[in-house]
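*Asks:* Just query-v5.cif, nothing more (mmCIF, C-alpha atoms):
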```
data_start
loop_
_atom_site.label_atom_id
_atom_site.label_comp_id
_atom_site.auth_asym_id
_atom_site.auth_seq_id
_atom_site.Cartn_x
_atom_site.Cartn_y
_atom_site.Cartn_z
CA PRO A 1 27.29 153.79 122.93
CA GLY A 2 25.81 156.72 121.02
CA ARG A 3 22.58 157.91 119.46
CA THR A 4 24.13 157.78 115.97
CA ILE A 5 27.37 156.06 114.82
CA LEU A 6 28.70 156.89 111.33
CA LYS A 7 31.65 155.25 109.59
CA THR A 8 33.60 158.07 107.88
CA GLY A 9 36.63 156.10 106.63
CA PRO A 10 38.45 152.74 106.70
CA ASP A 11 39.31 153.17 110.40
CA THR A 12 37.44 156.32 111.46
CA TYR A 13 34.02 156.78 113.02
CA ARG A 14 31.82 159.67 114.23
CA VAL A 15 29.62 159.18 117.30
CA VAL A 16 26.78 161.62 117.98
CA GLU A 17 25.62 162.07 121.60
CA GLY A 18 27.87 159.29 122.88
CA SER A 19 28.86 158.19 126.38
CA LEU A 20 31.77 156.24 127.89
CA THR A 21 32.04 154.30 131.19
CA SER A 22 33.45 151.06 132.59
CA CYS A 23 30.64 150.57 135.12
CA GLU A 24 28.06 147.87 134.46
CA GLU A 25 25.28 149.37 136.58
CA LYS A 26 22.17 150.79 134.94
CA ARG A 27 23.10 154.14 136.46
CA PRO A 28 26.94 154.17 136.30
CA LYS A 29 28.99 155.63 139.12
CA TRP A 30 30.92 157.74 136.59
CA SER A 31 30.70 158.45 132.86
CA PHE A 32 31.86 160.77 130.08
CA THR A 33 29.32 162.18 127.63
CA ALA A 34 30.06 164.08 124.40
CA SER A 35 27.89 165.88 121.88
CA ASN A 36 29.97 164.23 119.15
CA ALA A 37 33.24 162.34 118.91
CA ASP A 38 35.64 161.60 116.03
CA ILE A 39 37.34 158.26 116.65
CA ARG A 40 40.30 156.75 114.80
CA ILE A 41 40.81 153.11 115.75
CA ASP A 42 44.03 152.50 117.75
CA HIS A 43 44.96 156.19 117.57
CA THR A 44 42.87 158.92 119.23
CA ALA A 45 39.33 159.98 120.08
CA ARG A 46 38.55 163.71 119.71
CA LEU A 47 35.58 164.63 121.89
CA HIS A 48 33.49 167.82 121.52
CA GLY A 49 31.27 169.18 124.29
CA THR A 50 32.49 166.69 126.92
CA ALA A 51 30.99 166.40 130.41
CA PHE A 52 32.23 164.20 133.26
CA LYS A 53 29.37 162.91 135.43
CA ILE A 54 29.20 161.14 138.78
CA LYS A 55 25.93 159.29 139.37
CA GLY A 56 24.50 161.28 136.46
CA ILE A 57 25.44 164.66 137.96
CA PRO A 58 27.83 166.79 135.80
CA VAL A 59 30.95 167.83 137.75
CA PHE A 60 33.31 168.88 134.94
CA TYR A 61 32.90 170.27 131.40
CA THR A 62 35.37 170.94 128.60
CA PRO A 63 34.56 172.00 125.03
CA TYR A 64 37.30 169.81 123.53
CA MET A 65 39.28 166.75 124.66
CA VAL A 66 41.75 164.37 122.99
CA VAL A 67 41.90 160.83 124.38
CA PRO A 68 44.76 158.51 123.26
CA MET A 69 43.62 155.06 122.16
CA GLU A 70 46.91 153.49 121.10
CA GLU A 71 47.87 150.06 122.37
CA LYS A 72 49.86 150.62 125.54
CA SER A 73 53.54 149.69 125.25
CA ARG A 74 56.74 150.56 127.04
CA SER A 75 59.08 153.04 125.38
CA SER A 76 62.38 154.65 126.28
CA GLY A 77 62.59 158.34 127.07
CA ILE A 78 63.55 161.14 129.42
CA ILE A 79 61.92 161.11 132.87
CA PRO A 80 59.95 164.32 133.59
CA PHE A 81 62.04 166.81 135.52
CA HIS A 82 60.84 167.92 138.95
CA THR A 83 62.10 170.03 141.82
CA GLY A 84 61.44 170.61 145.50
CA SER A 85 63.02 171.93 148.67
CA SER A 86 64.25 170.49 151.97
CA THR A 87 65.53 172.07 155.17
CA SER A 88 68.43 169.57 155.36
CA LYS A 89 69.30 169.28 151.65
CA GLY A 90 68.30 172.66 150.22
CA ARG A 91 66.79 173.04 146.78
CA ALA A 92 66.48 169.67 145.03
CA PHE A 93 66.40 168.91 141.30
CA ARG A 94 65.75 165.45 139.85
CA GLY A 95 65.87 164.11 136.32
CA GLY A 96 66.71 160.89 134.53
CA TYR A 97 66.37 158.56 131.59
CA TYR A 98 64.35 155.36 131.18
CA GLN A 99 65.57 152.63 128.82
CA THR A 100 63.66 149.52 127.79
CA LEU A 101 65.70 146.34 127.35
CA GLY A 102 63.44 144.08 125.34
CA ASN A 103 60.07 142.88 126.58
CA SER A 104 61.17 141.73 130.03
CA ALA A 105 63.78 144.18 131.36
CA ASP A 106 64.42 147.90 131.74
CA ALA A 107 66.89 150.29 133.31
CA THR A 108 66.52 153.75 134.85
CA PHE A 109 69.37 156.22 135.31
CA TYR A 110 68.68 159.31 137.39
CA PHE A 111 70.34 162.13 139.30
CA ASP A 112 69.51 164.28 142.32
CA TYR A 113 71.14 167.63 142.79
CA PHE A 114 70.88 169.16 146.26
CA SER A 115 72.08 172.76 146.70
CA LEU A 116 73.41 172.00 150.22
CA ARG A 117 74.70 168.47 149.55
CA GLY A 118 75.88 168.09 145.97
CA LEU A 119 75.18 165.67 143.11
CA ALA A 120 73.80 162.16 143.72
CA LEU A 121 73.64 159.46 141.03
CA GLY A 122 71.44 156.37 140.95
CA GLY A 123 70.38 153.50 138.77
CA ILE A 124 67.66 150.84 138.79
CA PHE A 125 67.67 147.62 136.78
CA ARG A 126 64.57 145.39 136.61
CA ALA A 127 64.09 142.07 134.85
CA ARG A 128 61.28 139.52 134.57
CA PRO A 129 62.59 136.93 132.08
CA ASN A 130 59.85 134.40 132.89
CA PRO A 131 56.76 134.18 135.16
CA SER A 132 58.72 132.46 137.95
CA THR A 133 61.77 134.77 137.94
CA ARG A 134 62.17 138.40 138.94
CA PHE A 135 65.22 140.54 139.70
CA ASN A 136 65.53 144.15 140.87
CA LEU A 137 68.82 145.99 141.46
CA GLU A 138 69.23 149.56 142.72
CA VAL A 139 72.41 151.56 143.35
CA TYR A 140 72.46 155.11 144.74
CA GLY A 141 75.35 157.21 146.00
CA ILE A 142 76.54 160.74 146.74
CA ASP A 143 79.80 162.48 147.68
CA ASP A 144 78.17 164.71 150.29
CA LYS A 145 79.47 168.21 151.06
CA LEU A 146 78.50 167.72 154.73
CA ASP A 147 80.48 164.46 155.10
CA GLN A 148 77.38 162.24 155.17
CA GLY A 149 77.92 160.66 151.77
CA GLY A 150 77.82 156.97 150.95
CA ILE A 151 76.43 154.26 148.68
CA LEU A 152 73.22 152.20 148.84
CA LEU A 153 72.92 148.74 147.30
CA ALA A 154 69.51 147.02 147.19
CA VAL A 155 68.81 143.66 145.55
CA ASP A 156 65.49 141.81 145.45
CA GLY A 157 65.37 138.66 143.35
CA GLU A 158 63.66 135.28 143.28
CA SER A 159 63.54 132.39 140.84
CA GLN A 160 61.74 129.05 140.87
CA LEU A 161 64.13 126.45 139.43
CA LYS A 162 63.71 122.84 138.38
CA ASP A 163 63.25 119.92 140.80
CA ASP A 164 61.68 122.13 143.53
CA TRP A 165 64.77 124.33 143.88
CA ARG A 166 64.28 128.02 144.59
CA ALA A 167 66.87 130.83 144.55
CA VAL A 168 66.33 134.04 146.56
CA ALA A 169 68.40 137.20 147.09
CA ARG A 170 67.54 139.97 149.58
CA VAL A 171 70.12 142.74 150.01
CA ASN A 172 69.68 146.22 151.48
CA ILE A 173 72.97 147.65 152.71
CA THR A 174 74.64 151.05 152.91
CA SER A 175 78.27 152.01 153.28
CA ASN A 176 77.63 153.84 156.58
CA PHE A 177 74.80 154.64 158.97
CA ASN A 178 75.13 158.45 158.66
CA PHE A 179 74.38 158.21 154.93
CA ARG A 180 71.26 156.12 155.56
CA GLN A 181 70.00 158.56 158.21
CA ALA A 182 70.47 161.56 155.91
CA PHE A 183 69.08 160.14 152.65
CA SER A 184 66.50 157.50 153.63
CA ASP A 185 62.95 157.95 152.34
CA SER A 186 61.20 156.67 155.49
CA PHE A 187 61.55 157.13 159.25
CA ARG A 188 61.81 153.38 159.86
CA THR A 189 64.69 152.96 157.39
CA ALA A 190 66.52 155.95 158.84
CA THR A 191 66.27 154.78 162.47
CA THR A 192 66.68 150.99 162.21
CA SER A 193 70.32 150.27 163.04
CA GLN A 194 70.39 146.80 161.49
CA GLU A 195 71.10 145.72 157.91
CA ARG A 196 70.78 142.28 156.34
CA ALA A 197 72.08 140.77 153.13
CA THR A 198 70.96 137.23 152.30
CA ALA A 199 71.23 134.97 149.26
CA PHE A 200 70.12 131.36 149.50
CA LEU A 201 69.26 128.30 147.46
CA THR A 202 66.60 126.03 148.95
CA ARG A 203 64.76 122.84 148.06
CA ASN A 204 61.71 121.59 149.97
CA HIS A 205 60.59 118.15 148.84
CA ASN A 206 58.21 116.04 150.88
CA SER A 207 59.58 116.25 154.45
CA VAL A 208 63.18 117.01 153.46
CA SER A 209 64.62 120.52 153.19
CA THR A 210 68.06 121.49 151.86
CA ASN A 211 69.37 125.06 152.23
CA ILE A 212 72.56 126.75 151.03
CA ALA A 213 72.87 130.34 152.27
CA TYR A 214 75.22 133.33 152.22
CA GLN A 215 74.34 135.91 154.85
CA ARG A 216 75.71 139.14 156.30
CA ASN A 217 74.13 140.91 159.30
CA GLU A 218 75.36 144.26 160.61
CA VAL A 219 74.22 146.23 163.64
CA PHE A 220 75.55 149.79 163.79
CA PHE A 221 77.11 151.04 167.04
CA PRO A 222 78.90 154.36 167.71
CA THR A 223 82.29 152.74 168.43
CA ARG A 224 82.36 149.69 166.15
CA SER A 225 79.59 147.86 164.36
CA LEU A 226 78.71 144.22 164.98
CA VAL A 227 79.14 142.20 161.76
CA ILE A 228 78.29 138.49 161.46
CA ARG A 229 78.84 136.58 158.22
CA LYS A 230 77.88 133.11 157.00
CA MET A 231 80.00 132.31 153.96
CA PRO A 232 78.40 129.86 153.28
CA SER A 233 75.98 127.78 155.36
CA LEU A 234 74.80 124.31 154.33
CA GLU A 235 71.76 122.94 156.17
CA PHE A 236 69.85 119.66 155.83
CA LEU A 237 66.50 119.11 157.55
CA SER A 238 64.38 115.98 157.72
CA LEU A 239 61.03 116.76 159.33
CA GLY A 240 58.53 114.18 160.48
CA THR A 241 59.89 110.93 158.99
CA PRO A 242 57.97 107.90 160.39
CA ILE A 243 60.09 104.94 161.48
CA GLY A 244 58.40 101.96 159.84
CA GLY A 245 55.06 101.12 161.43
CA SER A 246 56.11 102.29 164.89
CA PRO A 247 54.62 105.34 166.66
CA PHE A 248 58.00 107.13 166.50
CA ILE A 249 58.85 110.03 164.19
CA LEU A 250 62.44 111.05 163.44
CA ASN A 251 63.47 114.68 162.98
CA LEU A 252 67.06 115.40 161.94
CA ARG A 253 68.94 118.65 161.48
CA THR A 254 72.55 118.81 160.34
CA SER A 255 74.49 121.87 159.24
CA VAL A 256 77.98 122.93 158.20
CA ASP A 257 78.70 126.67 158.57
CA SER A 258 81.62 128.94 157.78
CA LEU A 259 81.21 131.90 160.15
CA SER A 260 82.91 135.09 161.27
CA ARG A 261 82.13 137.78 163.82
CA SER A 262 83.63 141.18 164.58
CA ASP A 263 82.57 143.77 167.16
CA ALA A 264 84.08 146.06 169.78
CA LEU A 265 85.19 143.12 171.98
CA MET A 266 86.29 140.41 169.55
CA GLU A 267 87.30 139.64 165.99
CA THR A 268 87.37 136.09 164.70
CA GLU A 269 89.19 134.74 161.68
CA ASN A 270 87.46 135.07 158.33
CA LEU A 271 86.37 131.44 158.57
CA VAL A 272 85.29 129.67 161.76
CA GLN A 273 83.83 126.20 161.32
CA ARG A 274 80.66 125.08 163.04
CA LEU A 275 79.42 121.52 162.60
CA ASP A 276 76.03 120.64 164.08
CA VAL A 277 74.10 117.35 164.32
CA TYR A 278 70.70 117.34 166.03
CA PRO A 279 68.44 114.24 165.87
CA ARG A 280 65.08 114.21 167.68
CA LEU A 281 62.67 111.36 168.29
CA THR A 282 58.95 112.10 168.78
CA MET A 283 56.37 109.58 169.94
CA ARG A 284 52.77 109.67 168.73
CA LEU A 285 50.44 108.71 171.53
CA PRO A 286 46.70 108.15 170.93
CA SER A 287 44.50 111.00 172.09
CA TRP A 288 41.93 110.51 174.82
CA ASN A 289 38.72 112.60 174.97
CA GLY A 290 40.45 115.48 173.17
CA PHE A 291 43.62 115.34 175.33
CA SER A 292 46.88 114.65 173.50
CA LEU A 293 50.37 114.11 174.90
CA VAL A 294 53.41 114.41 172.61
CA PRO A 295 56.81 113.58 174.17
CA SER A 296 60.06 114.06 172.24
CA ILE A 297 63.70 113.60 173.12
CA GLY A 298 66.80 114.73 171.30
CA VAL A 299 70.57 114.95 171.56
CA ARG A 300 72.76 117.59 169.99
CA GLU A 301 76.46 117.68 169.17
CA THR A 302 78.11 120.88 167.98
CA TYR A 303 81.75 121.53 167.12
CA TYR A 304 83.22 125.05 166.98
CA GLY A 305 86.55 125.83 165.33
CA ALA A 306 87.24 128.69 167.77
CA ARG A 307 86.29 129.83 171.27
CA MET A 308 86.13 133.03 173.28
CA ALA A 309 89.31 133.84 175.24
CA SER A 310 89.69 136.87 177.50
CA ASP A 311 93.48 136.62 177.48
CA SER A 312 93.70 136.95 173.67
CA SER A 313 94.23 140.32 171.96
CA THR A 314 91.34 139.57 169.57
CA GLY A 315 89.11 138.03 172.26
CA VAL A 316 89.17 134.72 170.38
CA ALA A 317 91.40 131.65 170.53
CA ASN A 318 91.66 129.28 167.57
CA GLN A 319 90.98 126.20 169.68
CA GLY A 320 88.23 123.70 169.03
CA LEU A 321 85.24 123.44 171.34
CA HIS A 322 82.62 120.69 171.63
CA ARG A 323 79.12 121.30 172.95
CA ASN A 324 76.67 118.47 173.58
CA TYR A 325 73.43 118.26 175.49
CA ALA A 326 70.19 116.30 175.81
CA GLU A 327 66.72 117.79 175.47
CA LEU A 328 63.30 116.53 176.55
CA ASP A 329 60.00 118.13 175.52
CA ILE A 330 56.54 117.03 176.65
CA GLU A 331 53.59 118.88 175.16
CA LEU A 332 50.06 118.51 176.47
CA ARG A 333 47.11 119.81 174.48
CA THR A 334 43.60 119.89 175.93
CA PRO A 335 40.27 119.71 174.05
CA VAL A 336 39.60 122.61 171.67
CA LEU A 337 36.68 124.88 172.54
CA GLU A 338 34.81 126.28 169.53
CA ARG A 339 31.88 128.63 169.03
CA ASP A 340 30.27 130.12 165.93
CA PHE A 341 29.40 133.83 165.86
CA SER A 342 27.39 135.94 163.46
CA SER A 343 28.04 139.64 163.05
CA ALA A 344 26.25 142.02 160.70
CA TRP A 345 29.32 144.16 160.00
CA PHE A 346 32.02 141.49 160.23
CA GLY A 347 30.25 138.42 158.90
CA ASP A 348 30.03 134.90 160.27
CA PHE A 349 33.15 133.46 161.91
CA ARG A 350 34.25 130.69 164.23
CA HIS A 351 36.36 131.21 167.36
CA ALA A 352 38.49 128.30 168.61
CA VAL A 353 40.43 128.24 171.90
CA GLU A 354 43.38 125.80 172.16
CA PRO A 355 45.04 125.58 175.62
CA PHE A 356 48.46 123.91 175.87
CA VAL A 357 51.21 123.13 178.39
CA THR A 358 54.84 122.35 177.47
CA TYR A 359 57.56 121.03 179.75
CA ARG A 360 61.14 121.56 178.50
CA TRP A 361 64.36 120.16 179.99
CA ILE A 362 67.87 120.82 178.60
CA HIS A 363 70.93 119.43 180.34
CA GLY A 364 74.63 118.97 179.66
CA ILE A 365 75.85 122.31 178.31
CA LYS A 366 79.30 123.26 179.56
CA ASP A 367 81.64 126.18 178.82
CA LEU A 368 78.73 128.42 177.84
CA ASP A 369 80.88 131.51 178.44
CA LYS A 370 83.38 130.30 175.80
CA ILE A 371 80.89 129.78 172.95
CA ILE A 372 80.97 132.54 170.32
CA ARG A 373 77.48 133.91 169.65
CA PHE A 374 76.89 133.81 165.92
CA ASP A 375 73.11 133.31 166.04
CA GLU A 376 70.31 131.92 168.23
CA GLN A 377 71.70 128.36 168.01
CA ASP A 378 74.66 129.38 170.19
CA ALA A 379 72.64 131.03 172.99
CA ILE A 380 71.20 127.76 174.40
CA ALA A 381 71.65 127.12 178.12
CA ASP A 382 70.57 124.43 180.60
CA THR A 383 66.94 124.90 181.54
CA ASN A 384 64.09 123.24 183.38
CA GLU A 385 60.88 125.11 182.58
CA VAL A 386 57.14 124.90 182.04
CA GLU A 387 55.41 127.00 179.39
CA TYR A 388 51.64 127.31 179.18
CA GLY A 389 49.23 129.43 177.21
CA ILE A 390 46.14 129.70 175.05
CA VAL A 391 45.98 130.05 171.27
CA ASN A 392 42.89 131.81 169.89
CA ARG A 393 42.09 130.97 166.25
CA PHE A 394 39.48 132.65 164.07
CA TYR A 395 37.98 131.02 160.97
CA VAL A 396 35.73 132.23 158.17
CA ASP A 397 34.04 130.42 155.27
CA ARG A 398 35.85 130.59 151.94
CA LYS A 399 34.87 129.11 148.60
CA THR A 400 37.25 126.59 147.06
CA GLY A 401 38.03 126.14 143.39
CA ALA A 402 35.52 123.29 143.26
CA GLY A 403 32.73 125.62 144.42
CA THR A 404 32.48 124.17 147.93
CA GLN A 405 33.01 126.05 151.20
CA GLU A 406 35.63 125.37 153.84
CA LYS A 407 36.82 126.98 157.04
CA LYS A 408 39.94 129.09 156.61
CA GLU A 409 41.98 130.59 159.44
CA PHE A 410 42.47 134.34 158.98
CA MET A 411 43.87 135.34 162.39
CA SER A 412 45.44 133.74 165.46
CA ILE A 413 46.39 135.28 168.82
CA GLY A 414 48.54 133.47 171.37
CA LEU A 415 48.73 134.29 175.09
CA ILE A 416 51.75 132.61 176.67
#
```
Represent the structure of the file as structure tokens.

*Replies:*
Amino acid sequence: PGRTILKTGPDTYRVVEGSLTSCEEKRPKWSFTASNADIRIDHTARLHGTAFKIKGIPVFYTPYMVVPMEEKSRSSGIIPFHTGSSTSKGRAFRGGYYQTLGNSADATFYFDYFSLRGLALGGIFRARPNPSTRFNLEVYGIDDKLDQGGILLAVDGESQLKDDWRAVARVNITSNFNFRQAFSDSFRTATTSQERATAFLTRNHNSVSTNIAYQRNEVFFPTRSLVIRKMPSLEFLSLGTPIGGSPFILNLRTSVDSLSRSDALMETENLVQRLDVYPRLTMRLPSWNGFSLVPSIGVRETYYGARMASDSSTGVANQGLHRNYAELDIELRTPVLERDFSSAWFGDFRHAVEPFVTYRWIHGIKDLDKIIRFDEQDAIADTNEVEYGIVNRFYVDRKTGAGTQEKKEFMSIGLI
């Protein structure tokens, strides 16, 4: 707004004693005032006698200011050059070039020159072809003068496909651990000795889940790193399928994996088969005064295409191995204790306490010392145990899209 607004041309205006702010309060938190301003629509605003005010108090003054008013759009160009210094890398210089690739993609090419290390080159590609798809790719590498050079590859992509299918890629790997320690941007990245690369295709429909995954996990060790690969893994899950009108619920997990493992003690073939079938039957019993008892029983059959062998030069023998066992779980849940609290600084919330007791029995596993450990599925042993604990849940009121309020859990803490 202004005291006087004059139209001086087809798309130009002059504002006398005008002000500018985005605050809606009667006394805005911040504002710009100008004795007069020449405005050209979609180009620039030239302000004379400009003061920046906070709560009406002037904190900055300039006799002349030019404010761009063009419609914001991406454009290609050279990235501003900057420099700095480091005790481990010396004087650093960075520059680059940014290139737009249509309306939904762009690429950045940049360099880092370190006086003590040498020249590093990097590139970033980003794409967002549609609202449900995104893809980011980054490559960075250096031939280091101090023998700590290497290459970084980072991929982050996700796409929602038809028929409830979803594709995801998560990759963050380096050619060696010394390179990551020397050139990482954060302490956590530099000290974490584990890298993961995962790409999977998944479909969750009703109570059925189908997953196809490629995965590589590496843990760095001074002598030889531990590398586990799944190339690929096919998994089928059926969760909570009622059997007719009976109180029984069937859960089924089947998987076919092509695995490999290499470390300081063993090295498998590039492809080791693992076939797994795991049905479970759960019985729904009626609750009584808030007490509920849920028993379930399952059997599992797993076939491995190789086994551990101490007398082999690779630590592995290409001999098949069967593992089968039975499992019984009985879970008891007691009545939930709830109480509503009101707090001036935190707001109203509800605290619920859910005690539980679980009995677990696994029996039938043999040759545990011969099973190759690819993941947590292979580290199962006979057990007879009781687990008990308390889950604390906290709820607050949240408005729904229909304008009503409902309790929403915002935090849970379990003591087991």

*Asks:* Please enumerate the residues selected by the PyMOL selection byres ((chain A and resi 228) around 8) when evaluated against the supplied file, formatted as a PyMOL selection string.

*Replies:* chain A and resi 216-218+226-227+229-230+259-262+374

*Asks:* Those residues with C-alpha atoms, as a PDB file, in the frame of the given file please?

*Replies:*
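What ended up in result-v1.pdb:
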```pdb
ATOM      1  CA  ARG A 216      75.710 139.140 156.300  1.00  0.00           C
ATOM      2  CA  ASN A 217      74.130 140.910 159.300  1.00  0.00           C
ATOM      3  CA  GLU A 218      75.360 144.260 160.610  1.00  0.00           C
ATOM      4  CA  LEU A 226      78.710 144.220 164.980  1.00  0.00           C
ATOM      5  CA  VAL A 227      79.140 142.200 161.760  1.00  0.00           C
ATOM      6  CA  ARG A 229      78.840 136.580 158.220  1.00  0.00           C
ATOM      7  CA  LYS A 230      77.880 133.110 157.000  1.00  0.00           C
ATOM      8  CA  LEU A 259      81.210 131.900 160.150  1.00  0.00           C
ATOM      9  CA  SER A 260      82.910 135.090 161.270  1.00  0.00           C
ATOM     10  CA  ARG A 261      82.130 137.780 163.820  1.00  0.00           C
ATOM     11  CA  SER A 262      83.630 141.180 164.580  1.00  0.00           C
ATOM     12  CA  PHE A 374      76.890 133.810 165.920  1.00  0.00           C
TER      13      PHE A 374
END
```

*Asks:* So what does the PyMOL selection byres ((chain A and resi 115) around 9) actually pick up in this one, as a list in words?

*Replies:* Lys89, Gly90, Arg91, Ala92, Phe93, Tyr113, Phe114, Leu116, Arg117, Gly118 and Leu119 of chain A

*Asks:* To one decimal place in Å, what is the distance between CA of Leu265 in chain A and CA of Ala213 in chain A?

*Replies:*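 Going from CA of Leu265 in chain A over to CA of Ala213 in chain A covers 26.5 Å.
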
*Asks:* Report as a PDB file with C-alpha atoms, in the frame of the given file the full result of the PyMOL selection byres ((chain A and resi 154) around 7) when it is applied to this structure.

*Replies:*
```pdb
ATOM      1  CA  LEU A 137      68.820 145.990 141.460  1.00  0.00           C
ATOM      2  CA  GLU A 138      69.230 149.560 142.720  1.00  0.00           C
ATOM      3  CA  VAL A 139      72.410 151.560 143.350  1.00  0.00           C
ATOM      4  CA  LEU A 152      73.220 152.200 148.840  1.00  0.00           C
ATOM      5  CA  LEU A 153      72.920 148.740 147.300  1.00  0.00           C
ATOM      6  CA  VAL A 155      68.810 143.660 145.550  1.00  0.00           C
ATOM      7  CA  ASP A 156      65.490 141.810 145.450  1.00  0.00           C
ATOM      8  CA  VAL A 171      70.120 142.740 150.010  1.00  0.00           C
ATOM      9  CA  ASN A 172      69.680 146.220 151.480  1.00  0.00           C
ATOM     10  CA  ILE A 173      72.970 147.650 152.710  1.00  0.00           C
TER      11      ILE A 173
END
```

*Asks:* Of the candidates A:Ser159, A:Gln194, A:Ser412, A:Thr8, which one gets nearest to Phe394 in chain A if we count all atoms listed in the file?

*Replies:*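 With all atoms listed in the file as the atom set, the closest residue is A:Ser412.
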
*Asks:* Using all atoms listed in the file, which of A:Val391, A:Ala105, A:Ala264, A:Ile39 sits nearest Ser313 in chain A?

*Replies:*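 Checking each candidate against Ser313 in chain A, we get A:Ala264 as the closest.
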
*Asks:* Do you have the CA of Leu250 in chain A-CA of Ile330 in chain A distance handy?

*Replies:*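 So the two atoms, CA of Leu250 in chain A and CA of Ile330 in chain A, lie 15.7 Å apart.
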
*Asks:* Skip Arg3 in chain A itself and residues of its chain fewer than 2 positions away, then list as a PyMOL selection string all residues within 7 Å of it, counting all atoms listed in the file.

*Replies:* chain A and resi 5+16-18

*Asks:* Give the answer as one residue: which of A:Gln273, A:Asn178, A:Gln99, A:Thr254 has the shortest atom-to-atom distance to Met231 in chain A, using only C-alpha atoms?

*Replies:*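 Answer, going by the shortest atom-to-atom distance: A:Gln273.
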
*Asks:* Using only C-alpha atoms, can you tell me which of A:Leu271, A:Met266, A:Leu121, A:Ile41 comes closest to Pro232 in chain A?

*Replies:*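 Residue with the minimum atom-to-atom distance to Pro232 in chain A: A:Leu271.
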
*Asks:* Taking (69.7, 120.4, 154.9) in the file's coordinates as the center, which residues reach within 7 Å of it, counting only C-alpha atoms, put as a PyMOL selection string?

*Replies:* chain A and resi 209-211+234-237+253-255

*Asks:* Nearest to Leu252 in chain A among A:Val208, A:Phe220, A:Gly122, A:Arg284, with distances taken over only C-alpha atoms: which residue is it?

*Replies:* A:Val208

*Asks:* Which one of A:Thr83, A:Asn204, A:Ser88, A:Ser238 sits closest to Phe183 in chain A if you count all atoms listed in the file?

*Replies:*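 When distances to Phe183 in chain A are compared using all atoms listed in the file, the smallest one comes from A:Ser88.
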
*Asks:* Separation of CA of Asp106 in chain A and CA of Gln215 in chain A, in Å?

*Replies:*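 Separation of CA of Asp106 in chain A and CA of Gln215 in chain A: 27.9 Å.
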